[in-house]
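Colleague: One structure coming up, written as structure tokens, with questions to follow.
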Amino acid sequence: MKHDPQDFHQRLEAHDDQSINPSANPSLATLIDPTRRNLLKGGLGLAALGFFGGGLAACSKASASPLLNFTSVPLQFDPQFDQVLVPPGYRAVPFFSWGDAVEPGATDWRPDASDDWQAQLKQAGDNHDGMNFFAFEGEEDRGLLVMNHEYVNPPLHPSGVIDQSRPRPLDEVRKEQAAHGVSVIEVRKGSDGQWHRVMDSPYNRRISMLTPMRLAGPLAGLEMMKTASDPEGLTVLGTLNNCATGVTPWGTFLTCEENWHNYFINRDQQDYERRVSHKRYGLATEGTSKNYAWETADARFDATPYADQPHGGHVNEPHRFGWVVEIDPFDPGAQPIKRTAFGRFSRECAALALGEDGRMAFYSGDDARGEYVYKFVPSGRFDAANPRANRDLLDEGTLYAARFDADGSGQWLALVHGQNGLSAEHGFASQAEVLLNARAAADRAGATPMDRPEWATVHPGTREVYVALTNNDGRGDKQPTDAANPRPHNLHGQILRFNEQGGDPTATAFTWELFLLAGEARGARTAGGEPMPANLTGTVNGDIFSSPDGLAFDAAGRLWIQTDYDDEEAPMQGMGCNMMLCADPATREVRRFMVGPRGCEITGLAWSPDGKAMWANIQHPTLSYPASDGRSRPRSTTVLVTRLDGGVIGS
């Protein structure tokens with residue numbers, strides 16, 4: 001059976017693209033006084049955005065950025081483009097691909113994908129995503145590269161097919177579960193000046209859907225976390241759909257479980273309708289689970305309640321996913337920990353802001369159309385002089401959801417039992433219910449539904465927070481337009497930035513503005529010569545792009561932007577293949593730094609401490625990358641980018 005990887009990826013994206021937010025939280029247009037509201041009527045209301053701190057006016061002229069010292073690479077439109085393109089003076093080489101050996105005893109990857117699941121447990125997982133570099137203390141030229149493996153593609157199997165129309169073979173399911181999770185690999189700069197893997201490192205490690213993890217925080221051991229397989233509610237087998245990441249000041253890796261709901265099914269329609277913890281997240285109710293139909297071979301993923309089984313069988317198993325998972329990369333024997341104080345949703349990242357006094361905040365997007373931006377503020381403070389005291393700081397704190405007001409101000413709404421309508425009469429009997437059903441809690445509190453919030457990142461100098469809103473074709477229909485989400489049928493997305501009051505990560509008030517609207521250049525015309533529709537026109541000062549997803553700052557304060565769109569869709573024909581760009585936060589100039597192979601998403605970003613090496617991920621290429629020979633199976637791959645003269649990336 002011939003399989004088109006692009007079709008498979010589009011089907012999974014379609015699941016994620018569904019808006020399931022039932023709240024009637026007001027449009028920001030209803031919060032504006034009548035004279036200003038008139039500016040937002042009709043079209044996009046872009047003229048009204050000038051009052052947001054120069055949000056668009058500052059983008060009207062080209063600038064010469066002191067930060068962006070590289071030549072832009074061109075867009076790539078060839079359907080057979082199967083390379084990674086970087087600027088003159090740079091090189092990008094494949095560094096770590098799906099199936100590469102990780103743990104001791106791992107076998108070499110087989111080009112026909114005939115490796116079994118036991119082999120896959122020791123090899124690199126599939127669909128590389130968010131990652132971070134952890135330097136060894138006092139050693140700039142040695143570190144651990146830790147990365148997520150979000151989900152799997154059909155080329156994982158020799159047949160190149162994942163067939164959900166019949167019960168799945170257990171061996172296939174186990175291999176898919178083994179290819180999820182996280183890889184930890186040691187890397188070192190050699191005498192040749194290039195970075196290499198340390199193949200025999202004792203730190204090399206795979207974490208997968210088959211790795212036991214400890215539940216910690218407010219929900220650990222509660223009835224709502226118990227299942228027939230784990231009657232104590234304290235140990236979860238595995239992590240999945242690991243997308244973006246975070247780091248802690250004490251040197252641990254935070255992996256975030258994103259679209260976990262697509263792996264479960266509850267066939268009891270009546271139970272589903274009244275069970276907020278299933279319905280508000282969109283579990284499947286008929287046929288098979290949306291992704292992979294694991295429940296046909298592994299009972300844990302059948303979340304239908306069974307009265308004849310302890311704890312209803314595995315009806316609570318979905319409650320055990322959607323968390324932040326903390327991993328200590330420097331302790332290969334340490335058990336990963338799911339931190340339930342962070343709250344449960346389709347979390348994209350946990351971007352750290354650290355105050356001078358040790359107070360912290362971790363920012364996250366909930367990756368679905370019409371969902372929310374969150375932050376978690378631990379109760380304690382980071383103490384660099386007392387590392388042991390930091391180890392459980394993530395088990396207590398306050399989760400907030402953001403409300404973006406129309407005048408450029410904003411409020412963090414505490415998702416705390418007894419506050420903001422989160423009471424028993426509204427379905428929240430305890431703080432545990434609030435955290436378990438964080439989406440419903442944000443609905444009740446009055447947070448602003450956003451255009452698919454993805455990665456957040458924090459400026460290393462100013463602590464400004466940037467959030468990517470990837471797109472929302474339901475805006476103007478399922479959710480009204482507003483100042484933060486101004487375009488109906490928003491196919492190209494935008495980036496917001498905001499400043500916490502007083503620069504304090506723990507503040508409950510902030511100011512915000514639109515950093516840019518992605519899309520076609522102003523004045524662009526369609527292939528037929530007509531003016532480009534307003535909803536497809538952006539405000540980018542420089543190189544155009546669509547659908548911002550990954551965001552990260554380097555040490556110099558450059559904002560790196562990674563895209564994720566279907567390069568076969570008609571509105572994307574002017575964009576070509578997915579790309580990575582770099583923006584100057586001051587001038588807002590944007591330049592295209594990388595273009596990836598056809599069908600890929602570019603995601604994940606990490607740097608060496610000296611900024612002279614960059615790693616980025618090429619996820620789900622659809623032709624034959626990294627072999628690029630027109631025959632080989634495509635493999636998600638980490639690429640290493642360096643300058644030919646050995647200088648700092650981007651400078």
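Labels for the structure tokens follow display order: chains A, B, ..., residues from 1 in each chain, ligands from 1.
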Select from segment 58-220 of chain A everything DSSP, run on the backbone, classes as strand (DSSP E or B), then give the selection as number ranges by chain.
Modeller: A: 85, 90-97, 101, 123, 128-136, 139-149, 181-189, 195-197, 205-207, 212-216
Colleague: I'd like the contact shell of Val276 of chain A - 9 Å cut-off, only C-alpha atoms, skipping same-chain residues fewer than 5 positions apart - returned as a list in words.
Modeller: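 Selected residues are Tyr281, Gly427, Asn437 and Ala440 of chain A.
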Colleague: Would you give me, as a Markdown table, each residue of segment 500-618 of chain A having an atom within 12 Å of an atom of segment 179-199 of chain A, along with its shortest atom pair and that distance in Å to one decimal, using only C-alpha atoms and sorting by chain and residue number?
Modeller:
| residue | atom | partner | partner_atom | distance |
| --- | --- | --- | --- | --- |
| A:Trp607 | CA | A:Trp195 | CA | 11.4 |
| A:Ser608 | CA | A:Trp195 | CA | 9.4 |
| A:Pro609 | CA | A:Lys189 | CA | 11.4 |
| A:Asp610 | CA | A:Lys189 | CA | 11.4 |
| A:Lys612 | CA | A:Gln194 | CA | 10.0 |
| A:Ala613 | CA | A:Trp195 | CA | 8.0 |
| A:Met614 | CA | A:Trp195 | CA | 10.1 |
| A:Trp615 | CA | A:Trp195 | CA | 10.4 |
Colleague: Would you pick out the contacts of segment 598-606 of chain A at 7 Å or less, using only C-alpha atoms, so that residues sharing its chain but fewer than 5 positions from it are not included, and give the list as a list in words?
Modeller: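 Selected residues are Gln6, Pro79, Gln80, Phe81, Asp82, Asp129, Gly130, Met131, Asn132, Phe133, Gly550, Gln562, Thr563, Asp564, Asp567, Cys577, Asn578, Met579, Met580, Met614, Trp615, Ala616, Asn617, Ile618, Gln619, His620, Pro621, Thr622 and Leu623 of chain A.
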Colleague: Find the residues near Asp331 of chain A: any atom within 12 Å, counting only C-alpha atoms, skip ones fewer than 6 places away on the same chain, and give them as JSON, numbers by chain.
Modeller: {"A": [144, 184, 202, 203, 204, 205, 251, 252, 253]}
Colleague: Calculate how many Å separate atom CA of Met360 of chain A from atom CA of Phe136 of chain A, rounding to one decimal.
Modeller: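 Atom CA of Met360 of chain A sits 23.3 Å away from atom CA of Phe136 of chain A.
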Colleague: Any idea what's packed within 7 Å of Tyr625 of chain A, counting only C-alpha atoms, ignoring anything in its chain fewer than 5 positions away? Could you give it as a short mmCIF file (atom, residue, chain, number, x, y, z; two decimals) with C-alpha atoms, in the first residue's frame?
Modeller:
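Writing done, so here's out35.cif:
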data_model
loop_
_atom_site.label_atom_id
_atom_site.label_comp_id
_atom_site.auth_asym_id
_atom_site.auth_seq_id
_atom_site.Cartn_x
_atom_site.Cartn_y
_atom_site.Cartn_z
CA ASP A 82 14.89 18.20 -0.22
CA GLN A 83 17.65 20.16 1.48
CA PRO A 634 12.63 10.46 5.29
CA ARG A 635 13.89 10.85 8.85
#
Colleague: Skip Arg339 of chain A itself and residues of its chain fewer than 2 positions away, then list as a PyMOL selection string all residues within 6 Å of it, counting only C-alpha atoms.
Modeller: chain A and resi 216-217+324+341
Colleague: DSSP on the backbone: what in segment 398-508 of chain A comes out alpha helix (DSSP H), as a short mmCIF file (atom, residue, chain, number, x, y, z; two decimals) with N, CA and C atoms, in the first residue's frame?
Modeller:
data_model
loop_
_atom_site.label_atom_id
_atom_site.label_comp_id
_atom_site.auth_asym_id
_atom_site.auth_seq_id
_atom_site.Cartn_x
_atom_site.Cartn_y
_atom_site.Cartn_z
N GLN A 431 -9.28 22.43 44.47
CA GLN A 431 -8.19 22.91 43.63
C GLN A 431 -7.73 21.82 42.67
N ALA A 432 -7.84 20.58 43.09
CA ALA A 432 -7.47 19.48 42.19
C ALA A 432 -8.33 19.49 40.93
N GLU A 433 -9.63 19.76 41.08
CA GLU A 433 -10.52 19.85 39.91
C GLU A 433 -10.13 21.02 39.02
N VAL A 434 -9.71 22.13 39.63
CA VAL A 434 -9.28 23.29 38.85
C VAL A 434 -8.07 22.92 37.99
N LEU A 435 -7.08 22.27 38.57
CA LEU A 435 -5.86 21.94 37.84
C LEU A 435 -6.11 20.87 36.79
N LEU A 436 -6.94 19.88 37.14
CA LEU A 436 -7.25 18.81 36.19
C LEU A 436 -7.96 19.37 34.97
N ALA A 438 -7.99 22.60 33.67
CA ALA A 438 -7.50 23.98 33.57
C ALA A 438 -8.19 24.75 32.45
N ARG A 439 -8.50 24.09 31.35
CA ARG A 439 -9.20 24.78 30.26
C ARG A 439 -10.57 25.30 30.74
N ALA A 440 -11.32 24.44 31.39
CA ALA A 440 -12.64 24.85 31.87
C ALA A 440 -12.51 25.93 32.93
N ALA A 441 -11.46 25.86 33.75
CA ALA A 441 -11.24 26.90 34.75
C ALA A 441 -10.94 28.24 34.09
N ALA A 442 -10.15 28.22 33.03
CA ALA A 442 -9.85 29.46 32.31
C ALA A 442 -11.10 30.00 31.62
N ASP A 443 -11.96 29.10 31.13
CA ASP A 443 -13.25 29.54 30.57
C ASP A 443 -14.02 30.34 31.62
N ARG A 444 -14.16 29.74 32.80
CA ARG A 444 -14.96 30.35 33.85
C ARG A 444 -14.34 31.66 34.33
N ALA A 445 -13.02 31.72 34.41
CA ALA A 445 -12.35 32.91 34.93
C ALA A 445 -12.43 34.09 33.97
#
Colleague: For Glu454 of chain A, please output as an MDAnalysis selection string all residues within 9 Å (counting only C-alpha atoms; exclusion window: fewer than 5 positions along the same chain).
Modeller: chainID A and resid 244 347:349 364:368 373 467:470 548:551
Colleague: Please build the interface table for segment 55-126 of chain A against segment 592-596 of chain A with a cut-off of 8 Å, listing for each qualifying residue the nearest atom pair and the distance in Å to one decimal; count only C-alpha atoms, order rows by chain and increasing number, and write it as JSON lines.
Modeller:
{"residue": "A:Phe70", "atom": "CA", "partner": "A:Phe593", "partner_atom": "CA", "distance": 7.8}
{"residue": "A:Thr71", "atom": "CA", "partner": "A:Phe593", "partner_atom": "CA", "distance": 7.8}
{"residue": "A:Ser72", "atom": "CA", "partner": "A:Arg592", "partner_atom": "CA", "distance": 4.9}
{"residue": "A:Val73", "atom": "CA", "partner": "A:Arg592", "partner_atom": "CA", "distance": 5.7}
{"residue": "A:Pro74", "atom": "CA", "partner": "A:Arg592", "partner_atom": "CA", "distance": 7.5}
{"residue": "A:Leu75", "atom": "CA", "partner": "A:Val595", "partner_atom": "CA", "distance": 7.1}
{"residue": "A:Gln76", "atom": "CA", "partner": "A:Val595", "partner_atom": "CA", "distance": 7.2}
{"residue": "A:Asp82", "atom": "CA", "partner": "A:Gly596", "partner_atom": "CA", "distance": 7.5}
{"residue": "A:Gln83", "atom": "CA", "partner": "A:Gly596", "partner_atom": "CA", "distance": 6.2}
{"residue": "A:Val84", "atom": "CA", "partner": "A:Gly596", "partner_atom": "CA", "distance": 4.7}
{"residue": "A:Leu85", "atom": "CA", "partner": "A:Val595", "partner_atom": "CA", "distance": 5.1}
{"residue": "A:Val86", "atom": "CA", "partner": "A:Met594", "partner_atom": "CA", "distance": 4.8}
{"residue": "A:Pro87", "atom": "CA", "partner": "A:Phe593", "partner_atom": "CA", "distance": 6.2}
Colleague: Please determine, counting only C-alpha atoms, which residue among A:Thr587, A:Arg525, A:Gly233, A:Ala14 has the shortest atom-to-atom distance to Asp566 of chain A.
Modeller: A:Ala14
Colleague: Find the distance between atom CA of Gly502 of chain A and atom CA of Tyr374 of chain A and write it in Å to one decimal.
Modeller: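 Those two atoms sit 18.9 Å apart.
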